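Here's the structure we're looking at; comments come further down.
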Amino acid sequence: MIGVGERAEYSPAIALNLSITMSTQDHAAPDPKTTPEAGKSPEKKEKKRQLLGIEPVEKQHELALPDKTLEYTTHAGSIPLKDEFGETEAEIFFTAYTLTKASAPRPLIFVFNGGPGSSSVWLHLGAIGPQHVVMTPDGFQPPPPYRLQANASTWLDRADLVFIDPVGTGFSRAIDKDKDKKFWSFQGDIHSVGEFIRLYLTRYQRWTSPLYLAGESYGTTRAAGLASHLIDLGISFNGIVLISNAMDLRPVFFGRSDDLPFSLFVPTYTAAAWYHKKLAPELQQRSLTDILAEVETWSERELTLALMQGDRLLESDRQTIATTLAHYIGVDVDFVLGSNLRIDISRFCKELLRTEKRSIGRFDVRYTGIEALAVTERPDFDPAVYAIQPPFTTTFNDYVRRSLGIETDLNYEVISWAVNKAWQWENGELPTTAAALREAIAKNPFMKVFVAQGYYDLATPHLATDYTLAHMNLDPTLRDNIQVKCYEAGHMFYLDESCLAAFKADVDRFLAASWVQSEGSL
């Protein structure tokens with residue numbers, strides 16, 4: 001899940017009921033009779049945090065699938081990150097899955113979510129791990145209590161898995177508040193997760209395994225950055241899976257005086273209107289992919305050119321563009337004209353179902369929220385967040401203790417707004433790691449990339465991904481290294497059972513192709 005680029009009035013991350021284990025303590029003033037620093041003002045010192053502080057716990061498990069049974073080993077625990085003097089600065093919590101009886105070498109995939117400030121629980125229990133949160137077949141929230149079931153679409157039959165919780169998420173903690181800022185930044189995050197990967201390869205003797213990264217949302221920003229960072233340290237990857245891409249944040253961030261997102265979001269607005277049956281009959285009867293192809297072309301051409309003209313746009317052209325845009329996204333033309341042709345995400349989420357006193361989700365437009373009033377400008381909350389967070393929070397807290405053997409009273413930070421709010425960008429600018437990925441592919445032309453998107457995702461719209469990939473400046477001989485697939489669901493499209501099965505089949509083909517091509521290479 002992603003938390004960046006959200007307006008304060010409509011922030012799913014803000015809306016979450018978060019807590020963070022932080023405390024400070026002022027030490028007593030020094031005794032002037034015994035302290036050589038008498039007369040000086042005492043400095044406040046941060047109280048050291050409670051860390052997990054245990055060696056990874058090893059457990060044996062079996063997973064009964066329709067066509068086979070997997071015997072596997074889990075290692076769940078923390079690896080300390082130390083400074084140049086050997087002092088622990090933070091711990092990173094991880095959960096690793098390895099087949100008990102497997103021939104080497106076996107692919108190894110490092111997995112993480114995004115935020116910034118998200119743990120890996122979403123991909124862990126939603127798509128990739130051996131256990132899966134039970135939702136309804138199309139990915140909606142069931143009534144509590146929530147439970148897990150065997151994941152027939154787990155990647156464990158194809159590769160060993162390591163789920164990483166960056167510092168400040170899950171059970172991962174910096175030693176004190178002063179150290180947070182070292183890890184809660186774009187570069188700090190890349191270096192700390194990169195160091196964890198190096199340590200894991202060393203401790204578990206996996207340096208010669210075929211290596212992969214899989215990241216979701218801001219995790220794609222991290223994955224692209226890691227590919228570039230780690231290859232300079234001699235660690236290269238066979239492949240990367242980018243889920244709900246956000247390598248470059250500008251296309252998904254509604255910044256001032258930037259018309260780019262207003263064009264890139266339109267096809268997803270169309271998908272939302274199509275799903276909720278708000279389009280005119282001649283559009284509604286067409287297939288989603290058919291109508292999206294038309295809208296994407298129009299948005300990239302006519303709408304983009306119109307927005308570029310700004311106040312110079314002729315009134316007749318303005319009326320024409322407004323009429324077409326309203327037709328494509330299922331709203332009144334007066335709403336489009338009143339928005340100056342620029343449809344903000346949160347206003348659209350409120351407007352589409354305003355007459356029904358409902359809103360639609362940002363992470364998944366299929367979800368609807370019950371609004372207190374129909375007249376407000378923005379939704380009260382993102383219904384997708386509140387449909388997804390409770391099942392994952394409940395089941396993981398039970399699973400990590402009951403099945404993985406972790407005994408701790410620490411709060412597992414499923415998603416931390418404290419991290420998100422304090423995050424520091426490099427030089428105050430949003431990262432553009434598509435360039436880093438291009439560099440990594442140029443240095444390692446064997447590396448393949450699989451990009452997976454949801455048509456109903458307003459957090460990272462699919463046309464924004466197309467735009468990002470088309471502006472990587474990737475050499476023509478390397479463009480086939482990247483594959484893209486869209487699924488008919490939201491940001492976490494894998495919650496839908498049919499999408500999850502299709503995603504699994506696509507990933508199986510990707511892993512097989514990317515490993516075979518590099519086998520035998522020097």
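Ordered as shown in the structure tokens, chains take letters A, B, and onward, while each chain numbers its residues from 1 and ligands are numbered from 1 in the order shown.
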Test item, strand (DSSP E or B) assignment across stretch 204-422 of chain A, answer as a PyMOL selection string: chain A and resi 211-217+239-245+248+358-360+368-370+413+415
Can you spit out the residues from that selection as a PDB file, in the first residue's frame, using N, CA, C and O atoms?
ATOM      1  N   LEU A 211      18.497 -14.782  -7.690  1.00  0.00           N
ATOM      2  CA  LEU A 211      17.924 -13.790  -6.783  1.00  0.00           C
ATOM      3  C   LEU A 211      16.865 -12.936  -7.475  1.00  0.00           C
ATOM      4  O   LEU A 211      17.024 -12.541  -8.636  1.00  0.00           O
ATOM      5  N   TYR A 212      15.816 -12.619  -6.693  1.00  0.00           N
ATOM      6  CA  TYR A 212      14.712 -11.806  -7.185  1.00  0.00           C
ATOM      7  C   TYR A 212      14.270 -10.820  -6.108  1.00  0.00           C
ATOM      8  O   TYR A 212      14.479 -11.047  -4.906  1.00  0.00           O
ATOM      9  N   LEU A 213      13.629  -9.749  -6.566  1.00  0.00           N
ATOM     10  CA  LEU A 213      12.960  -8.798  -5.681  1.00  0.00           C
ATOM     11  C   LEU A 213      11.488  -8.732  -6.090  1.00  0.00           C
ATOM     12  O   LEU A 213      11.164  -8.814  -7.276  1.00  0.00           O
ATOM     13  N   ALA A 214      10.615  -8.561  -5.112  1.00  0.00           N
ATOM     14  CA  ALA A 214       9.202  -8.327  -5.388  1.00  0.00           C
ATOM     15  C   ALA A 214       8.719  -7.231  -4.445  1.00  0.00           C
ATOM     16  O   ALA A 214       8.821  -7.371  -3.226  1.00  0.00           O
ATOM     17  N   GLY A 215       8.231  -6.139  -5.011  1.00  0.00           N
ATOM     18  CA  GLY A 215       7.768  -5.017  -4.204  1.00  0.00           C
ATOM     19  C   GLY A 215       6.443  -4.499  -4.691  1.00  0.00           C
ATOM     20  O   GLY A 215       6.129  -4.580  -5.884  1.00  0.00           O
ATOM     21  N   GLU A 216       5.671  -3.972  -3.764  1.00  0.00           N
ATOM     22  CA  GLU A 216       4.368  -3.396  -4.104  1.00  0.00           C
ATOM     23  C   GLU A 216       4.341  -1.915  -3.778  1.00  0.00           C
ATOM     24  O   GLU A 216       4.812  -1.492  -2.728  1.00  0.00           O
ATOM     25  N   SER A 217       3.776  -1.118  -4.684  1.00  0.00           N
ATOM     26  CA  SER A 217       3.534   0.303  -4.474  1.00  0.00           C
ATOM     27  C   SER A 217       4.861   1.021  -4.209  1.00  0.00           C
ATOM     28  O   SER A 217       5.745   0.975  -5.045  1.00  0.00           O
ATOM     29  N   GLY A 239      15.624 -11.245 -11.654  1.00  0.00           N
ATOM     30  CA  GLY A 239      14.388 -10.585 -12.015  1.00  0.00           C
ATOM     31  C   GLY A 239      13.781  -9.773 -10.893  1.00  0.00           C
ATOM     32  O   GLY A 239      14.148  -9.926  -9.717  1.00  0.00           O
ATOM     33  N   ILE A 240      12.855  -8.898 -11.258  1.00  0.00           N
ATOM     34  CA  ILE A 240      12.133  -8.055 -10.307  1.00  0.00           C
ATOM     35  C   ILE A 240      10.660  -8.091 -10.670  1.00  0.00           C
ATOM     36  O   ILE A 240      10.288  -7.966 -11.842  1.00  0.00           O
ATOM     37  N   VAL A 241       9.816  -8.255  -9.658  1.00  0.00           N
ATOM     38  CA  VAL A 241       8.363  -8.191  -9.837  1.00  0.00           C
ATOM     39  C   VAL A 241       7.881  -6.893  -9.209  1.00  0.00           C
ATOM     40  O   VAL A 241       8.047  -6.685  -8.001  1.00  0.00           O
ATOM     41  N   LEU A 242       7.320  -6.006 -10.022  1.00  0.00           N
ATOM     42  CA  LEU A 242       6.819  -4.712  -9.568  1.00  0.00           C
ATOM     43  C   LEU A 242       5.293  -4.771  -9.553  1.00  0.00           C
ATOM     44  O   LEU A 242       4.661  -4.930 -10.603  1.00  0.00           O
ATOM     45  N   ILE A 243       4.710  -4.650  -8.380  1.00  0.00           N
ATOM     46  CA  ILE A 243       3.271  -4.792  -8.195  1.00  0.00           C
ATOM     47  C   ILE A 243       2.684  -3.429  -7.873  1.00  0.00           C
ATOM     48  O   ILE A 243       3.063  -2.799  -6.886  1.00  0.00           O
ATOM     49  N   SER A 244       1.764  -2.956  -8.706  1.00  0.00           N
ATOM     50  CA  SER A 244       1.165  -1.624  -8.545  1.00  0.00           C
ATOM     51  C   SER A 244       2.277  -0.581  -8.509  1.00  0.00           C
ATOM     52  O   SER A 244       2.582   0.019  -7.472  1.00  0.00           O
ATOM     53  N   ASN A 245       2.832  -0.345  -9.652  1.00  0.00           N
ATOM     54  CA  ASN A 245       4.077   0.403  -9.802  1.00  0.00           C
ATOM     55  C   ASN A 245       4.005   1.856  -9.332  1.00  0.00           C
ATOM     56  O   ASN A 245       3.057   2.585  -9.622  1.00  0.00           O
ATOM     57  N   ASP A 248       8.298   6.036 -10.214  1.00  0.00           N
ATOM     58  CA  ASP A 248       8.364   7.496 -10.258  1.00  0.00           C
ATOM     59  C   ASP A 248       7.070   8.028  -9.643  1.00  0.00           C
ATOM     60  O   ASP A 248       5.970   7.649 -10.080  1.00  0.00           O
ATOM     61  N   ARG A 358     -22.744   7.878  -1.363  1.00  0.00           N
ATOM     62  CA  ARG A 358     -21.682   6.886  -1.285  1.00  0.00           C
ATOM     63  C   ARG A 358     -20.417   7.469  -1.898  1.00  0.00           C
ATOM     64  O   ARG A 358     -20.465   8.403  -2.701  1.00  0.00           O
ATOM     65  N   SER A 359     -19.263   6.908  -1.527  1.00  0.00           N
ATOM     66  CA  SER A 359     -17.982   7.250  -2.140  1.00  0.00           C
ATOM     67  C   SER A 359     -17.354   5.967  -2.650  1.00  0.00           C
ATOM     68  O   SER A 359     -17.811   4.863  -2.329  1.00  0.00           O
ATOM     69  N   ILE A 360     -16.289   6.094  -3.450  1.00  0.00           N
ATOM     70  CA  ILE A 360     -15.581   4.909  -3.928  1.00  0.00           C
ATOM     71  C   ILE A 360     -14.165   4.908  -3.376  1.00  0.00           C
ATOM     72  O   ILE A 360     -13.634   5.941  -2.956  1.00  0.00           O
ATOM     73  N   THR A 368     -17.185   0.681  -1.829  1.00  0.00           N
ATOM     74  CA  THR A 368     -17.976   1.891  -1.622  1.00  0.00           C
ATOM     75  C   THR A 368     -18.070   2.203  -0.135  1.00  0.00           C
ATOM     76  O   THR A 368     -18.168   1.295   0.698  1.00  0.00           O
ATOM     77  N   GLY A 369     -18.014   3.495   0.186  1.00  0.00           N
ATOM     78  CA  GLY A 369     -18.124   3.953   1.554  1.00  0.00           C
ATOM     79  C   GLY A 369     -19.451   4.658   1.781  1.00  0.00           C
ATOM     80  O   GLY A 369     -19.985   5.314   0.887  1.00  0.00           O
ATOM     81  N   ILE A 370     -19.984   4.538   2.977  1.00  0.00           N
ATOM     82  CA  ILE A 370     -21.233   5.194   3.348  1.00  0.00           C
ATOM     83  C   ILE A 370     -20.892   6.571   3.900  1.00  0.00           C
ATOM     84  O   ILE A 370     -20.221   6.700   4.932  1.00  0.00           O
ATOM     85  N   GLU A 413       3.535  -3.210  13.721  1.00  0.00           N
ATOM     86  CA  GLU A 413       3.074  -2.036  12.978  1.00  0.00           C
ATOM     87  C   GLU A 413       2.719  -2.454  11.554  1.00  0.00           C
ATOM     88  O   GLU A 413       3.573  -2.525  10.675  1.00  0.00           O
ATOM     89  N   ILE A 415       0.881  -0.834   9.324  1.00  0.00           N
ATOM     90  CA  ILE A 415       1.252   0.318   8.512  1.00  0.00           C
ATOM     91  C   ILE A 415       1.376   1.508   9.445  1.00  0.00           C
ATOM     92  O   ILE A 415       0.489   1.767  10.253  1.00  0.00           O
TER      93      ILE A 415
END
With only C-alpha atoms as the counted atoms, please give the residues lying no more than 10 Å from A:Thr408, apart from itself and same-chain residues fewer than 5 positions off, as a tab-separated table (two decimals) with all heavy atoms, in the first residue's frame.
chain	number	residue	atom	x	y	z
A	51	LEU	N	13.66	-3.85	21.67
A	51	LEU	CA	13.75	-4.50	20.37
A	51	LEU	C	13.34	-5.96	20.52
A	51	LEU	O	13.21	-6.49	21.62
A	51	LEU	CB	15.18	-4.41	19.82
A	51	LEU	CG	15.74	-2.99	19.63
A	51	LEU	CD1	17.14	-3.07	19.04
A	51	LEU	CD2	14.84	-2.16	18.74
A	52	LEU	N	13.10	-6.60	19.38
A	52	LEU	CA	12.72	-8.01	19.43
A	52	LEU	C	13.83	-8.82	20.07
A	52	LEU	O	13.59	-9.66	20.95
A	52	LEU	CB	12.42	-8.51	18.02
A	52	LEU	CG	11.61	-9.79	17.90
A	52	LEU	CD1	10.26	-9.63	18.57
A	52	LEU	CD2	11.44	-10.17	16.44
A	53	GLY	N	15.05	-8.57	19.62
A	53	GLY	CA	16.24	-9.09	20.30
A	53	GLY	C	16.33	-10.59	20.43
A	53	GLY	O	16.88	-11.09	21.42
A	54	ILE	N	15.82	-11.35	19.46
A	54	ILE	CA	15.92	-12.80	19.54
A	54	ILE	C	16.45	-13.35	18.22
A	54	ILE	O	16.25	-12.76	17.16
A	54	ILE	CB	14.57	-13.47	19.86
A	54	ILE	CG1	13.53	-13.13	18.78
A	54	ILE	CG2	14.07	-13.08	21.23
A	54	ILE	CD1	12.23	-13.87	18.94
A	171	PHE	N	7.74	-5.58	13.37
A	171	PHE	CA	8.48	-5.57	14.64
A	171	PHE	C	9.84	-4.90	14.49
A	171	PHE	O	10.66	-4.92	15.42
A	171	PHE	CB	8.71	-7.01	15.15
A	171	PHE	CG	7.46	-7.71	15.60
A	171	PHE	CD1	7.22	-9.02	15.22
A	171	PHE	CD2	6.54	-7.08	16.42
A	171	PHE	CE1	6.08	-9.70	15.65
A	171	PHE	CE2	5.39	-7.73	16.85
A	171	PHE	CZ	5.16	-9.05	16.45
A	400	VAL	N	1.77	-14.95	13.55
A	400	VAL	CA	3.18	-14.76	13.89
A	400	VAL	C	3.51	-15.37	15.25
A	400	VAL	O	4.64	-15.83	15.48
A	400	VAL	CB	3.56	-13.27	13.85
A	400	VAL	CG1	3.00	-12.51	15.05
A	400	VAL	CG2	5.07	-13.08	13.75
A	401	ARG	N	2.53	-15.43	16.13
A	401	ARG	CA	2.76	-16.00	17.46
A	401	ARG	C	2.43	-17.49	17.51
A	401	ARG	O	3.21	-18.30	18.01
A	401	ARG	CB	1.95	-15.22	18.49
A	401	ARG	CG	2.44	-13.78	18.66
A	401	ARG	CD	1.49	-12.91	19.49
A	401	ARG	NE	2.08	-11.61	19.77
A	401	ARG	CZ	2.01	-10.55	18.97
A	401	ARG	NH1	1.36	-10.63	17.82
A	401	ARG	NH2	2.58	-9.41	19.31
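Counting only C-alpha atoms and comparing A:Glu497, A:Asp398, A:Asp232, A:Asp189, the residue that lies closest to A:Ala440 is A:Asp232.
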I'd like the neighbourhood of A:Gly194 as a PyMOL selection string, where a residue qualifies if any of its atoms comes within 12 Å (using only C-alpha atoms), though same-chain residues fewer than 6 positions away should be ignored. chain A and resi 81+92+110+164+166+183+187-188+200-201+213+222-236
What's around A:Ser153 at 7 Å? Count only C-alpha atoms, leave out sequence neighbours fewer than 5 positions away in its own chain, and write the answer as a PyMOL selection string. chain A and resi 500-501+504
Write out as a PDB file with N, CA and C atoms, in the first residue's frame each polymer residue whose atoms come within 8 Å of A:Val266, counting only C-alpha atoms; drop sequence neighbours fewer than 3 positions from it.
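Okay, this is what ended up in around20.pdb:
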ATOM      1  N   PHE A 262      -3.542  14.613 -14.123  1.00  0.00           N
ATOM      2  CA  PHE A 262      -4.928  14.813 -14.545  1.00  0.00           C
ATOM      3  C   PHE A 262      -5.240  14.086 -15.853  1.00  0.00           C
ATOM      4  N   SER A 263      -4.231  13.814 -16.653  1.00  0.00           N
ATOM      5  CA  SER A 263      -4.418  13.006 -17.859  1.00  0.00           C
ATOM      6  C   SER A 263      -4.280  11.517 -17.562  1.00  0.00           C
ATOM      7  N   TYR A 269     -10.584   6.493 -13.889  1.00  0.00           N
ATOM      8  CA  TYR A 269     -11.902   7.051 -13.613  1.00  0.00           C
ATOM      9  C   TYR A 269     -12.951   6.360 -14.491  1.00  0.00           C
ATOM     10  N   THR A 270     -12.600   6.128 -15.749  1.00  0.00           N
ATOM     11  CA  THR A 270     -13.501   5.425 -16.655  1.00  0.00           C
ATOM     12  C   THR A 270     -13.795   4.016 -16.151  1.00  0.00           C
ATOM     13  N   VAL A 295     -10.121   5.454 -24.390  1.00  0.00           N
ATOM     14  CA  VAL A 295      -9.949   6.567 -23.458  1.00  0.00           C
ATOM     15  C   VAL A 295      -8.478   6.896 -23.262  1.00  0.00           C
ATOM     16  N   GLU A 296      -7.637   5.886 -23.213  1.00  0.00           N
ATOM     17  CA  GLU A 296      -6.204   6.136 -23.051  1.00  0.00           C
ATOM     18  C   GLU A 296      -5.656   6.967 -24.209  1.00  0.00           C
ATOM     19  N   SER A 299      -7.013  10.546 -23.887  1.00  0.00           N
ATOM     20  CA  SER A 299      -6.424  11.266 -22.757  1.00  0.00           C
ATOM     21  C   SER A 299      -4.990  11.685 -23.043  1.00  0.00           C
ATOM     22  N   ILE A 329     -16.124   9.571 -18.042  1.00  0.00           N
ATOM     23  CA  ILE A 329     -15.944   9.234 -16.622  1.00  0.00           C
ATOM     24  C   ILE A 329     -17.247   9.232 -15.832  1.00  0.00           C
TER      25      ILE A 329
END
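Using only C-alpha atoms, the smallest distance between any of A:Thr136, A:Lys59, A:Ile291, A:Met472 and A:Leu437 comes from A:Met472.
Around A:Met492, within 8 Å and counting only C-alpha atoms, the residues found are Met1, Ser244, Phe363, Asp364, Gly454, Ala489 and Leu495 of chain A, once anything fewer than 3 positions away on its own chain is removed.
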Find the residue from A:Arg509, A:His327, A:Lys181, A:Lys357 that sits nearest to A:Trp423; use only C-alpha atoms when measuring.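 The answer is A:Lys181, which sits nearest to A:Trp423.
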What is the distance between atom CA of A:Tyr456 and atom CA of A:Ala271, in Å to one decimal?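 Computing the Euclidean distance for atom CA of A:Tyr456 and atom CA of A:Ala271 yields 6.3 Å.
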Produce a table with one row for each residue of stretch 163-276 of chain A that has an atom at most 12 Å from any atom of stretch 466-470 of chain A, each row naming the nearest atom pair and its distance in Å at one decimal; use only C-alpha atoms; arrange rows by chain and rising residue number; format as a Markdown table.
| residue | atom | partner | partner_atom | distance |
| --- | --- | --- | --- | --- |
| A:Thr221 | CA | A:Thr468 | CA | 11.8 |
| A:Leu242 | CA | A:Leu469 | CA | 11.7 |
| A:Ser244 | CA | A:Asp466 | CA | 11.5 |
| A:Asn245 | CA | A:Thr468 | CA | 9.0 |
| A:Ala246 | CA | A:Thr468 | CA | 8.7 |
| A:Met247 | CA | A:Thr468 | CA | 7.7 |
| A:Asp248 | CA | A:Thr468 | CA | 6.7 |
| A:Leu249 | CA | A:Thr468 | CA | 9.3 |
| A:Arg250 | CA | A:Thr468 | CA | 9.4 |
| A:Pro251 | CA | A:Thr468 | CA | 7.6 |
| A:Val252 | CA | A:Thr468 | CA | 10.2 |
| A:Leu260 | CA | A:Tyr467 | CA | 9.8 |
| A:Pro261 | CA | A:Tyr467 | CA | 10.3 |
| A:Ser263 | CA | A:Tyr467 | CA | 10.6 |
| A:Leu264 | CA | A:Tyr467 | CA | 8.0 |
| A:Phe265 | CA | A:Tyr467 | CA | 11.2 |
| A:Pro267 | CA | A:Asp466 | CA | 11.9 |
Best match for closeness to A:Leu123 among A:Ser498, A:Asn151, A:Ser287, A:Ser103, counting only C-alpha atoms: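 That would be A:Asn151, the residue with the smallest distance to A:Leu123.
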For A:Gly405, please output as a PyMOL selection string all residues within 9 Å (counting only C-alpha atoms; exclusion window: fewer than 2 positions along the same chain). chain A and resi 57-59+76+399-403+407
Between A:Gly310, A:Tyr218, A:Ala384, A:Ala159, single out the one closest to A:Thr432, counting only C-alpha atoms.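 Going through A:Gly310, A:Tyr218, A:Ala384, A:Ala159 one by one, the smallest distance to A:Thr432 is for A:Tyr218.
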Could you state the separation of atom CA of A:Thr395 and atom CA of A:Val133 in Å, given to one decimal place?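 Spanning atom CA of A:Thr395 to atom CA of A:Val133 is a straight-line distance of 7.2 Å.
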Rounded to one decimal, what separation in Å do you get between atom CA of A:Pro105 and atom CA of A:Ser209?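 Going from atom CA of A:Pro105 over to atom CA of A:Ser209, I get 5.5 Å.
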Selected residue of minimal separation from A:His491 among A:Val336, A:Ile388, A:Ala513, A:Leu65, counting only C-alpha atoms: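 Of all the options, A:Ile388 lies closest to A:His491.
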Stretch 222-432 of chain A: residues DSSP assigns to alpha helix (DSSP H), reported as a VMD selection string: chain A and resid 222 to 231 260 to 264 266 to 275 281 to 284 288 to 298 304 to 309 315 to 329 333 to 338 345 to 351 383 to 402 417 to 422
